[in-house]
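Pasted below: protein_36.txt, compact mmCIF, C-alpha atoms.
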```txt
# COMPACT_ATOMS: atom_id res chain seq x y z
CA MET A 63 -11.15 11.62 0.33
CA ARG A 64 -7.48 12.49 0.80
CA PRO A 65 -6.31 8.97 1.84
CA ALA A 66 -8.08 7.46 -1.18
CA LEU A 67 -6.38 9.92 -3.50
CA SER A 68 -2.96 9.19 -1.98
CA ILE A 69 -3.49 5.42 -2.38
CA LYS A 70 -4.45 5.87 -6.03
CA ARG A 71 -1.20 7.72 -6.64
CA VAL A 72 0.78 4.80 -5.24
CA LEU A 73 -1.14 2.01 -6.98
CA PRO A 74 -0.03 0.95 -10.48
CA ARG A 75 -2.12 2.35 -13.30
CA SER A 76 -1.93 -0.62 -15.67
CA LEU A 77 -3.93 -3.83 -15.33
CA PHE A 78 -0.71 -5.83 -15.53
CA GLY A 79 0.82 -3.84 -12.66
CA ARG A 80 -2.25 -4.22 -10.46
CA SER A 81 -2.57 -7.92 -11.20
CA LEU A 82 1.10 -8.42 -10.45
CA MET A 83 0.71 -6.52 -7.19
CA MET A 84 -2.20 -8.78 -6.20
CA VAL A 85 0.08 -11.77 -6.74
CA ILE A 86 3.21 -10.36 -5.10
CA MET A 87 1.67 -8.78 -2.01
CA PRO A 88 0.24 -12.03 -0.53
CA VAL A 89 3.52 -13.83 -1.23
CA VAL A 90 5.56 -11.09 0.44
CA LEU A 91 3.24 -10.95 3.44
CA LEU A 92 3.38 -14.74 3.74
CA GLN A 93 7.18 -14.63 3.64
CA ILE A 94 7.26 -11.97 6.36
CA VAL A 95 4.90 -13.92 8.61
CA VAL A 96 6.79 -17.18 8.08
CA ALA A 97 10.15 -15.51 8.66
CA TYR A 98 8.89 -13.86 11.83
CA ILE A 99 7.50 -17.09 13.21
CA PHE A 100 10.65 -18.97 12.25
CA TYR A 101 13.10 -16.46 13.73
CA GLU A 102 11.10 -15.73 16.82
CA ARG A 103 10.05 -19.31 17.54
CA HIS A 104 11.88 -22.05 15.70
CA TRP A 105 15.39 -20.62 15.43
CA ASP A 106 15.16 -19.12 18.88
CA GLU A 107 14.18 -22.48 20.37
CA VAL A 108 16.80 -24.45 18.44
CA THR A 109 19.60 -22.05 19.36
CA ARG A 110 18.54 -22.05 23.00
CA ARG A 111 18.64 -25.84 23.20
CA LEU A 112 22.03 -25.97 21.49
CA GLY A 113 23.32 -23.36 23.92
CA PHE A 114 22.08 -25.35 26.91
CA SER A 115 23.72 -28.47 25.44
CA VAL A 116 27.13 -26.76 25.21
CA ALA A 117 26.69 -25.22 28.66
CA GLY A 118 25.85 -28.67 30.07
CA ASP A 119 28.98 -30.18 28.50
CA ILE A 120 31.12 -27.39 29.94
CA ALA A 121 29.55 -27.88 33.37
CA ALA A 122 30.21 -31.62 33.20
CA VAL A 123 33.87 -31.06 32.30
CA ILE A 124 34.27 -28.53 35.15
CA ASP A 125 32.80 -31.00 37.64
CA LEU A 126 35.14 -33.74 36.41
CA LEU A 127 38.15 -31.43 36.65
CA ARG A 128 37.27 -30.50 40.20
CA ASP A 129 37.06 -34.18 41.20
CA ALA A 130 40.29 -35.18 39.41
CA PRO A 131 43.05 -35.98 41.96
CA ASP A 132 46.13 -35.44 39.80
CA PRO A 133 47.22 -33.53 36.65
CA ALA A 134 47.30 -36.69 34.52
CA GLN A 135 43.62 -37.29 35.05
CA LYS A 136 42.87 -33.62 34.35
CA LYS A 137 44.78 -33.89 31.07
CA ARG A 138 42.82 -37.04 30.16
CA ILE A 139 39.54 -35.22 30.90
CA LEU A 140 40.55 -32.27 28.69
CA ASP A 141 41.52 -34.64 25.87
CA MET A 142 38.20 -36.42 26.23
CA ALA A 143 36.37 -33.05 26.04
CA ARG A 144 38.36 -32.08 22.93
CA ILE A 145 37.81 -35.40 21.14
CA ASP A 146 34.34 -36.44 22.25
CA MET A 147 32.67 -33.07 22.95
CA ASP A 148 34.61 -30.90 20.48
CA LEU A 149 35.49 -28.49 23.29
CA GLN A 150 38.98 -26.98 23.60
CA ILE A 151 39.21 -26.01 27.28
CA SER A 152 42.04 -24.11 28.92
CA PHE A 153 42.38 -22.55 32.37
CA GLU A 154 44.21 -19.32 33.20
CA PRO A 155 44.66 -19.10 36.99
CA GLY A 156 44.49 -15.68 38.60
CA LYS A 157 43.07 -13.95 35.50
CA ARG A 158 40.04 -11.69 35.38
CA ILE A 159 37.59 -11.10 32.48
CA GLN A 160 37.67 -7.55 31.14
CA HIS A 161 34.22 -6.09 30.47
CA PRO A 162 32.08 -9.18 31.13
CA MET A 163 28.66 -9.33 29.54
CA ASN A 164 26.65 -10.36 32.57
CA GLY A 165 23.28 -10.19 30.82
CA GLY A 166 23.98 -6.96 28.95
CA ALA A 167 22.79 -6.09 25.45
CA PHE A 168 23.76 -8.72 22.90
CA TYR A 169 24.16 -8.22 19.20
CA SER A 170 22.79 -11.47 17.85
CA ILE A 171 20.40 -14.23 18.71
CA LEU A 172 23.39 -16.58 19.09
CA ASP A 173 24.98 -14.38 21.78
CA ARG A 174 21.65 -14.02 23.51
CA MET A 175 20.82 -17.72 23.66
CA VAL A 176 24.32 -18.89 24.67
CA GLY A 177 24.51 -16.13 27.28
CA ARG A 178 21.15 -17.11 28.74
CA ALA A 179 22.25 -20.76 28.97
CA ILE A 180 25.52 -19.81 30.75
CA GLU A 181 23.70 -17.52 33.17
CA GLU A 182 21.20 -20.22 34.09
CA ARG A 183 23.84 -22.98 34.35
CA PHE A 184 26.74 -21.17 36.07
CA GLY A 185 25.57 -17.77 37.28
CA VAL A 186 29.11 -16.31 36.93
CA PRO A 187 30.49 -13.41 34.85
CA TYR A 188 31.21 -14.45 31.27
CA LYS A 189 32.14 -13.17 27.85
CA ILE A 190 31.28 -14.54 24.41
CA ASP A 191 33.35 -13.78 21.31
CA THR A 192 31.74 -14.87 18.03
CA THR A 193 33.87 -12.75 15.65
CA SER A 194 37.56 -13.19 16.45
CA LEU A 195 37.79 -16.81 15.31
CA GLU A 196 36.63 -17.69 11.79
CA ASP A 197 34.31 -20.59 12.48
CA ARG A 198 34.62 -21.03 16.21
CA ILE A 199 33.25 -19.35 19.31
CA LEU A 200 35.29 -18.35 22.35
CA ILE A 201 33.47 -18.54 25.69
CA SER A 202 35.20 -17.13 28.78
CA LEU A 203 33.90 -17.98 32.27
CA GLN A 204 35.05 -16.15 35.40
CA LEU A 205 35.66 -18.78 38.08
CA SER A 206 36.81 -18.12 41.64
CA ASP A 207 40.46 -18.93 40.96
CA GLY A 208 40.83 -17.83 37.32
CA VAL A 209 39.30 -17.73 33.84
CA LEU A 210 38.14 -20.82 32.01
CA ARG A 211 38.29 -20.42 28.27
CA VAL A 212 36.30 -22.72 25.98
CA ILE A 213 36.59 -22.82 22.19
CA THR A 214 33.82 -24.66 20.37
CA PRO A 215 32.79 -24.85 16.70
CA GLN A 216 29.93 -22.63 15.61
CA LYS A 217 28.10 -25.64 14.22
CA ARG A 218 27.48 -26.82 17.79
CA LEU A 219 25.55 -23.63 18.48
CA PHE A 220 24.22 -22.72 15.07
CA SER A 221 21.70 -24.61 12.94
CA THR A 222 22.54 -24.56 9.23
CA THR A 223 18.95 -25.46 8.42
CA THR A 224 18.13 -21.78 8.95
CA TYR A 225 19.89 -20.67 5.79
CA ILE A 226 18.66 -23.69 3.88
CA PHE A 227 15.11 -22.87 4.90
CA ILE A 228 15.49 -19.22 3.88
CA MET A 229 17.09 -20.13 0.55
CA TRP A 230 14.31 -22.59 -0.26
CA MET A 231 11.67 -20.09 0.80
CA ILE A 232 13.10 -17.26 -1.31
CA GLY A 233 14.00 -19.52 -4.22
CA THR A 234 10.56 -21.07 -4.55
CA SER A 235 8.94 -17.66 -4.20
CA VAL A 236 11.08 -16.24 -7.00
CA VAL A 237 10.28 -19.19 -9.27
CA LEU A 238 6.55 -18.95 -8.55
CA LEU A 239 6.56 -15.19 -9.08
CA ALA A 240 8.41 -15.62 -12.39
CA VAL A 241 5.78 -18.14 -13.52
CA ALA A 242 3.04 -15.75 -12.39
CA VAL A 243 4.62 -12.84 -14.32
CA VAL A 244 4.83 -14.91 -17.52
CA PHE A 245 1.25 -16.09 -17.08
CA LEU A 246 -0.05 -12.57 -16.41
CA ARG A 247 1.79 -11.16 -19.42
CA ASN A 248 0.21 -13.79 -21.63
CA GLN A 249 -3.22 -12.94 -20.22
CA ILE A 250 -2.73 -9.18 -20.59
CA ARG A 251 -1.39 -9.37 -24.17
CA PRO A 252 -4.83 -10.06 -25.77
CA ILE A 253 -6.28 -7.07 -23.90
CA ARG A 254 -3.49 -4.83 -25.20
CA ARG A 255 -4.01 -6.13 -28.73
CA LEU A 256 -7.73 -5.42 -28.46
CA ALA A 257 -7.03 -1.89 -27.20
CA GLU A 258 -4.54 -1.28 -30.02
CA ALA A 259 -7.01 -2.60 -32.60
CA ALA A 260 -9.80 -0.38 -31.26
CA ASP A 261 -7.45 2.62 -31.21
CA SER A 262 -6.27 1.96 -34.78
CA PHE A 263 -9.84 1.51 -36.01
CA GLY A 264 -10.82 4.77 -34.29
CA LYS A 265 -8.00 6.50 -36.18
CA GLY A 266 -9.26 5.13 -39.49
CA ARG A 267 -6.55 2.51 -39.97
CA ASP A 268 -7.00 -1.08 -41.10
CA VAL A 269 -6.99 -3.84 -38.45
CA ASP A 270 -7.37 -6.88 -40.68
CA ASP A 271 -4.73 -8.90 -38.78
CA PHE A 272 -6.65 -8.84 -35.48
CA HIS A 273 -8.08 -12.13 -34.20
CA PRO A 274 -9.72 -13.00 -30.86
CA SER A 275 -7.40 -14.68 -28.35
CA GLY A 276 -6.92 -15.08 -24.61
CA ALA A 277 -9.47 -15.92 -21.94
CA ALA A 278 -13.16 -16.48 -22.70
CA GLU A 279 -14.18 -12.99 -21.53
CA ILE A 280 -11.49 -11.34 -23.65
CA ARG A 281 -12.51 -13.42 -26.67
CA ARG A 282 -16.10 -12.27 -26.21
CA ALA A 283 -15.00 -8.63 -26.11
CA ALA A 284 -12.80 -9.14 -29.20
CA ALA A 285 -15.64 -10.87 -31.06
CA ALA A 286 -17.98 -8.00 -30.16
CA PHE A 287 -15.40 -5.54 -31.49
CA LEU A 288 -15.14 -7.45 -34.80
CA VAL A 289 -18.92 -7.49 -35.16
CA MET A 290 -19.03 -3.75 -34.45
CA ARG A 291 -16.29 -3.11 -37.01
CA GLU A 292 -18.15 -5.10 -39.66
CA ARG A 293 -21.37 -3.21 -38.96
CA ILE A 294 -19.65 0.16 -39.20
CA GLN A 295 -17.83 -0.80 -42.40
CA ARG A 296 -21.05 -2.17 -43.91
CA GLN A 297 -22.85 1.04 -42.98
CA ILE A 298 -20.09 3.10 -44.54
CA THR A 299 -20.21 1.03 -47.71
CA GLN A 300 -23.98 1.38 -47.94
CA ARG A 301 -23.73 5.12 -47.47
CA THR A 302 -21.08 5.41 -50.18
CA GLU A 303 -23.17 3.38 -52.62
CA MET A 304 -26.26 5.44 -51.80
CA LEU A 305 -24.36 8.67 -52.34
CA ALA A 306 -23.07 7.47 -55.69
CA GLY A 307 -26.68 6.89 -56.77
CA VAL A 308 -27.82 10.24 -55.35
CA SER A 309 -24.97 11.99 -57.15
CA HIS A 310 -25.98 10.47 -60.48
CA ASP A 311 -29.70 11.10 -59.96
CA LEU A 312 -29.23 14.77 -58.99
CA ARG A 313 -26.61 15.69 -61.56
CA THR A 314 -28.65 14.34 -64.47
CA PRO A 315 -31.67 16.73 -64.06
CA LEU A 316 -29.31 19.61 -63.27
CA THR A 317 -27.45 18.98 -66.51
CA ARG A 318 -30.76 18.94 -68.44
CA MET A 319 -31.80 22.19 -66.77
CA LYS A 320 -28.51 23.82 -67.73
CA LEU A 321 -28.91 22.72 -71.36
CA GLU A 322 -32.50 23.99 -71.52
CA LEU A 323 -31.49 27.32 -69.98
CA ALA A 324 -28.70 27.65 -72.54
CA LEU A 325 -31.32 27.39 -75.34
CA LEU A 326 -33.59 30.07 -73.84
CA GLY A 327 -31.37 32.99 -74.66
CA ASP A 328 -29.83 35.63 -72.41
CA SER A 329 -32.53 37.48 -70.51
CA ASP A 330 -32.59 38.64 -66.87
CA GLU A 331 -34.91 35.79 -65.91
CA VAL A 332 -32.65 33.21 -67.57
CA ARG A 333 -29.57 34.61 -65.82
CA GLU A 334 -31.36 34.36 -62.48
CA LEU A 335 -32.33 30.76 -63.18
CA LYS A 336 -28.76 29.93 -64.25
CA ARG A 337 -27.48 31.44 -61.02
CA ASP A 338 -29.98 29.38 -59.00
CA VAL A 339 -28.96 26.20 -60.82
CA ALA A 340 -25.27 26.96 -60.22
CA ASP A 341 -25.95 27.51 -56.52
CA MET A 342 -27.91 24.28 -56.33
CA GLU A 343 -25.12 22.37 -58.08
CA LYS A 344 -22.58 23.90 -55.73
CA MET A 345 -24.61 22.93 -52.67
CA ILE A 346 -25.11 19.36 -53.93
CA THR A 347 -21.40 19.02 -54.66
CA GLY A 348 -20.52 20.29 -51.21
CA TYR A 349 -23.03 18.01 -49.51
CA LEU A 350 -21.86 14.94 -51.41
CA ALA A 351 -18.24 15.77 -50.61
CA PHE A 352 -19.11 16.09 -46.92
CA ALA A 353 -21.14 12.88 -46.79
CA ARG A 354 -18.60 10.86 -48.77
CA GLY A 355 -15.73 11.99 -46.53
CA GLN A 356 -12.64 9.82 -46.59
CA ASP A 357 -14.34 6.43 -46.49
CA SER A 358 -12.86 4.85 -49.59
CA GLU A 359 -9.23 5.90 -48.97
CA ALA A 360 -6.70 3.75 -47.12
CA ALA A 361 -4.27 5.14 -44.56
CA VAL A 362 -0.63 5.19 -45.69
CA ALA A 363 2.61 6.53 -44.19
CA THR A 364 2.80 10.14 -45.42
CA ASP A 365 5.45 12.83 -45.17
CA LEU A 366 3.41 15.54 -43.45
CA PRO A 367 5.72 18.53 -44.20
CA GLU A 368 5.67 17.61 -47.91
CA LEU A 369 1.87 17.40 -47.88
CA LEU A 370 1.63 20.79 -46.17
CA ASN A 371 4.00 22.26 -48.75
CA GLU A 372 1.61 21.10 -51.47
CA VAL A 373 -1.29 22.77 -49.63
CA VAL A 374 0.68 26.02 -49.34
CA SER A 375 1.58 25.91 -53.05
CA ASP A 376 -2.08 25.43 -54.02
CA ALA A 377 -3.14 28.28 -51.73
CA ARG A 378 -0.52 30.61 -53.19
CA ARG A 379 -1.73 29.82 -56.71
CA GLN A 380 -5.15 31.03 -55.55
CA GLY A 381 -3.57 34.34 -54.53
CA GLY A 382 -3.23 33.70 -50.80
CA ASP A 383 -0.33 34.94 -48.67
CA VAL A 384 0.49 31.72 -46.81
CA ALA A 385 3.64 30.86 -44.81
CA LEU A 386 4.63 27.44 -43.47
CA LEU A 387 6.72 26.49 -40.43
CA ALA A 388 6.88 22.70 -39.94
CA ASP A 389 9.13 20.34 -37.98
CA PRO A 390 11.08 17.98 -40.24
CA ASN A 391 10.78 14.18 -40.37
CA MET A 392 7.09 13.85 -39.56
CA VAL A 393 5.96 10.67 -41.31
CA VAL A 394 2.56 9.59 -40.01
CA PRO A 395 -0.11 7.10 -41.21
CA ILE A 396 -2.97 9.18 -42.62
CA ARG A 397 -5.39 9.27 -45.54
CA PRO A 398 -3.41 11.77 -47.61
CA ASN A 399 -6.14 13.06 -49.94
CA ALA A 400 -8.69 13.48 -47.15
CA PHE A 401 -6.12 15.05 -44.85
CA ARG A 402 -4.98 17.46 -47.59
CA ARG A 403 -8.59 18.41 -48.11
CA CYS A 404 -9.04 18.99 -44.38
CA VAL A 405 -6.07 21.37 -44.14
CA MET A 406 -6.93 23.02 -47.46
CA ASN A 407 -10.45 23.80 -46.22
CA LEU A 408 -8.96 25.52 -43.18
CA VAL A 409 -6.49 27.48 -45.30
CA GLU A 410 -9.09 28.52 -47.90
CA ASN A 411 -11.41 29.60 -45.09
CA ALA A 412 -8.61 31.75 -43.67
CA ILE A 413 -7.61 33.18 -47.08
CA ARG A 414 -11.14 34.44 -47.74
CA HIS A 415 -11.16 36.63 -44.66
CA ALA A 416 -7.53 37.56 -43.96
CA ARG A 417 -4.50 39.06 -45.67
CA HIS A 418 -1.89 36.68 -44.22
CA VAL A 419 -2.08 33.04 -43.10
CA GLN A 420 0.52 31.18 -41.04
CA ILE A 421 0.65 27.35 -40.84
CA THR A 422 2.66 25.83 -37.98
CA ALA A 423 3.13 22.07 -37.62
CA ARG A 424 4.99 20.35 -34.80
CA ARG A 425 5.29 16.88 -33.35
CA LEU A 426 4.67 16.32 -29.63
CA ALA A 427 5.27 13.17 -27.59
CA ASP A 428 2.23 11.27 -28.88
CA SER A 429 0.42 13.65 -31.23
CA ILE A 430 0.71 16.08 -34.13
CA GLU A 431 -0.39 19.71 -33.85
CA ILE A 432 -1.13 21.90 -36.87
CA ALA A 433 -2.15 25.51 -36.25
CA VAL A 434 -3.65 27.68 -39.02
CA ASP A 435 -3.50 31.33 -37.89
CA ASP A 436 -4.87 34.34 -39.79
CA ASP A 437 -5.09 38.09 -39.17
CA GLY A 438 -8.75 38.43 -40.16
CA PRO A 439 -11.76 39.50 -38.09
CA GLY A 440 -12.00 36.16 -36.25
CA ILE A 441 -15.10 34.50 -34.85
CA PRO A 442 -16.82 35.39 -31.55
CA ALA A 443 -16.02 32.89 -28.79
CA ASP A 444 -19.69 31.95 -28.29
CA ARG A 445 -20.13 31.10 -32.00
CA ARG A 446 -16.98 29.05 -32.64
CA GLU A 447 -18.70 25.69 -32.22
CA ASP A 448 -21.62 26.74 -34.42
CA VAL A 449 -19.44 27.00 -37.54
CA PHE A 450 -18.82 23.23 -37.43
CA ARG A 451 -22.50 22.54 -38.08
CA ALA A 452 -23.37 21.66 -41.67
CA PHE A 453 -24.50 24.62 -43.89
CA THR A 454 -23.89 27.11 -41.08
CA ARG A 455 -22.60 30.60 -42.00
CA LEU A 456 -21.94 33.44 -39.58
CA ASP A 457 -23.27 36.45 -41.45
CA ARG A 458 -22.12 39.04 -38.95
CA SER A 459 -18.56 37.73 -38.64
CA ARG A 460 -17.94 36.52 -42.21
CA ASN A 461 -18.90 38.14 -45.49
CA PRO A 462 -21.69 36.04 -47.11
CA GLU A 463 -20.51 37.08 -50.59
CA THR A 464 -17.16 35.36 -50.29
CA GLY A 465 -18.50 31.97 -51.44
CA GLY A 466 -18.95 28.62 -49.78
CA VAL A 467 -22.02 26.78 -48.56
CA GLY A 468 -21.02 26.33 -44.91
CA LEU A 469 -19.43 22.90 -45.17
CA GLY A 470 -15.68 23.65 -45.14
CA LEU A 471 -15.13 23.42 -41.39
CA THR A 472 -17.68 20.61 -41.10
CA ILE A 473 -15.76 18.50 -43.62
CA ALA A 474 -12.44 19.38 -41.96
CA ARG A 475 -13.63 18.24 -38.53
CA ASP A 476 -15.22 15.11 -40.01
CA VAL A 477 -11.90 14.18 -41.65
CA ILE A 478 -9.72 14.81 -38.62
CA ARG A 479 -12.09 12.96 -36.30
CA GLY A 480 -11.87 10.06 -38.71
CA HIS A 481 -8.13 10.12 -37.90
CA GLY A 482 -8.83 10.08 -34.16
CA GLY A 483 -8.15 13.80 -33.66
CA ASP A 484 -10.15 17.02 -33.42
CA ILE A 485 -10.19 20.70 -34.41
CA THR A 486 -10.66 23.60 -32.01
CA LEU A 487 -10.99 27.32 -32.73
CA SER A 488 -9.47 30.11 -30.67
CA GLN A 489 -7.97 33.56 -31.07
CA ALA A 490 -4.72 33.72 -33.05
CA PRO A 491 -1.68 35.64 -31.74
CA SER A 492 -2.20 38.10 -34.60
CA GLY A 493 -5.75 38.76 -33.42
CA GLY A 494 -7.58 36.71 -36.03
CA LEU A 495 -8.73 33.09 -35.90
CA ARG A 496 -6.61 30.08 -34.96
CA ALA A 497 -7.75 26.64 -36.12
CA LEU A 498 -5.78 24.10 -34.08
CA LEU A 499 -5.72 20.56 -35.42
CA ARG A 500 -4.61 17.79 -33.02
CA MET A 501 -4.11 14.21 -34.17
CA PRO A 502 -2.69 11.25 -32.19
CA VAL A 503 0.12 9.20 -33.72
```
What does the file become when written as structure tokens?
Amino acid sequence: MRPALSIKRVLPRSLFGRSLMMVIMPVVLLQIVVAYIFYERHWDEVTRRLGFSVAGDIAAVIDLLRDAPDPAQKKRILDMARIDMDLQISFEPGKRIQHPMNGGAFYSILDRMVGRAIEERFGVPYKIDTTSLEDRILISLQLSDGVLRVITPQKRLFSTTTYIFIMWMIGTSVVLLAVAVVFLRNQIRPIRRLAEAADSFGKGRDVDDFHPSGAAEIRRAAAAFLVMRERIQRQITQRTEMLAGVSHDLRTPLTRMKLELALLGDSDEVRELKRDVADMEKMITGYLAFARGQDSEAAVATDLPELLNEVVSDARRQGGDVALLADPNMVVPIRPNAFRRCVMNLVENAIRHARHVQITARRLADSIEIAVDDDGPGIPADRREDVFRAFTRLDRSRNPETGGVGLGLTIARDVIRGHGGDITLSQAPSGGLRALLRMPV
């Protein structure tokens, strides 16, 4: 398992990076194989043959010089070698070569090939200097009566097609890779747009400008997303219309019951019935508010600290001791009324059971965090998820006489999940309950 984990850490995480790697790796491996074969076979063979050609010319000139009877003929042979063979030959009688190579370690393929040709042709100590002269090579041969020095152009021993081949190989690879990068970016862009559209829709934002594009498979996925979005929106619309009808149908008999009870006088039985009707109306209102949620509201860029200040002001008017600590310049796309209701439900829930409430809002790299802390009795850890269920009240941890029908936290989580976030409960630093709201931006 360890090697697999280490490979995953090295591999790119994005589809574009992995696709690009699948294109680049074969090209790079092909270049390495071709370069190896070329350097170890082609260039080696070409340089060796050029070296043997120069060594053969030098041997021919030496033989002619040995057979020449007088200095005039020797001078004519040297001129012929300079003009026809491009070899500048000089002889230093009585000299000795300092530090001859004699098959030692060479520093380049050129030294190695020329040295091998000289060894096979002459079998005498020699020395090759490829750096002292700018574009020429100095070859020194140790003869019996002195040192023969030969200066020849590098072009006689070096094939310029090597660099041309490498330049063409690298140039075409760069062009092809650039074309591949552009092509891959165009293919990845529809996938990114689909991911962004799905993410925006999950956060409750409009994605009306999204249209299928790209390859056939990506278009099919985009078309499936659009169909899914239409089904969800149609379902939401049907639910809203149904709730509007339910609201009208339920409120009408409740209003009649309240009027009839008002005409019956003021007895204990009437007061009990009025209280039951009020509780029923309160439960229906809470249920309709929960079911309606934030469906009909559009997301707009909202100044979050200003919205939280409004929530704090409303809570203080209700008699709550609420403090706010928020980072400045947090403008995020949200449904402001639904979001205000979400935070207000958390604050009202805290006010009912605590003396002091602290709201802290901060912006992270890619999300917003809002913490609502109180100093009340809190909620046991094993019951914190239960309070998010509709009409759930924790009798032992919260006073049942403080009002509410058990929908405050349910509505709050429904709203924040409609924005792509979530709410978690934990223990506050002051010992009470912390409601932590996280929302991506």
All residues 10 Å or closer to range 114-123 of chain A, only C-alpha atoms, same chain fewer than 5 positions away omitted, as a PDB file with C-alpha atoms, keeping the file's coordinate frame:
```
ATOM      1  CA  THR A 109      19.600 -22.050  19.360  1.00  0.00           C
ATOM      2  CA  ARG A 128      37.270 -30.500  40.200  1.00  0.00           C
ATOM      3  CA  ASP A 129      37.060 -34.180  41.200  1.00  0.00           C
ATOM      4  CA  LYS A 136      42.870 -33.620  34.350  1.00  0.00           C
ATOM      5  CA  ILE A 139      39.540 -35.220  30.900  1.00  0.00           C
ATOM      6  CA  LEU A 140      40.550 -32.270  28.690  1.00  0.00           C
ATOM      7  CA  MET A 142      38.200 -36.420  26.230  1.00  0.00           C
ATOM      8  CA  ALA A 143      36.370 -33.050  26.040  1.00  0.00           C
ATOM      9  CA  MET A 147      32.670 -33.070  22.950  1.00  0.00           C
ATOM     10  CA  ASP A 148      34.610 -30.900  20.480  1.00  0.00           C
ATOM     11  CA  LEU A 149      35.490 -28.490  23.290  1.00  0.00           C
ATOM     12  CA  ILE A 151      39.210 -26.010  27.280  1.00  0.00           C
ATOM     13  CA  MET A 175      20.820 -17.720  23.660  1.00  0.00           C
ATOM     14  CA  VAL A 176      24.320 -18.890  24.670  1.00  0.00           C
ATOM     15  CA  GLY A 177      24.510 -16.130  27.280  1.00  0.00           C
ATOM     16  CA  ARG A 178      21.150 -17.110  28.740  1.00  0.00           C
ATOM     17  CA  ALA A 179      22.250 -20.760  28.970  1.00  0.00           C
ATOM     18  CA  ILE A 180      25.520 -19.810  30.750  1.00  0.00           C
ATOM     19  CA  GLU A 181      23.700 -17.520  33.170  1.00  0.00           C
ATOM     20  CA  GLU A 182      21.200 -20.220  34.090  1.00  0.00           C
ATOM     21  CA  ARG A 183      23.840 -22.980  34.350  1.00  0.00           C
ATOM     22  CA  PHE A 184      26.740 -21.170  36.070  1.00  0.00           C
ATOM     23  CA  ILE A 201      33.470 -18.540  25.690  1.00  0.00           C
ATOM     24  CA  LEU A 210      38.140 -20.820  32.010  1.00  0.00           C
ATOM     25  CA  VAL A 212      36.300 -22.720  25.980  1.00  0.00           C
ATOM     26  CA  THR A 214      33.820 -24.660  20.370  1.00  0.00           C
ATOM     27  CA  ARG A 218      27.480 -26.820  17.790  1.00  0.00           C
ATOM     28  CA  LEU A 219      25.550 -23.630  18.480  1.00  0.00           C
TER      29      LEU A 219
END
```
Figure out the distance between CA of Gly208 in chain A and CA of Gly185 in chain A, please, to one decimal in Å.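 According to the coordinates, CA of Gly185 in chain A and CA of Gly208 in chain A are separated by 15.3 Å.
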Residue neighbourhood His273 in chain A, 12 Å, all atoms listed in the file, exclusion window fewer than 6 positions, as a VMD selection string: chain A and resid 252 to 253 255 to 256 259 280 to 289
So how many Å separate CA of Asn371 in chain A and CA of Ala452 in chain A, to one decimal?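 Rounded to one decimal, the two atoms are 28.3 Å apart.
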Residue with smallest distance to Gln420 in chain A - pool A:Asn391, A:Ser492, A:Thr314, A:Thr486, counting all atoms listed in the file: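 Counting all atoms listed in the file, the residue closest to Gln420 in chain A is A:Ser492.
Compared by their closest atoms to Arg313 in chain A, and using only C-alpha atoms, the residues A:Ser329, A:Thr193, A:Thr347, A:Asn411 rank with A:Thr347 nearest.
Near range 426-441 of chain A, within 7 Å and counting all atoms listed in the file, sit Val409, Ala412, His415, Ala416, Arg417, His418, Val419, Gln420, Ile421, Arg446, Ser459, Ala490, Ser492, Gly493, Gly494, Leu495, Arg496, Ala497, Leu498, Leu499, Arg500, Met501, Pro502 and Val503 of chain A, not including residues fewer than 5 positions from it in the same chain.
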For the atom pair CA of Gly264 in chain A and CA of Ala388 in chain A, what is the interatomic distance in Å to one decimal place? 25.8 Å
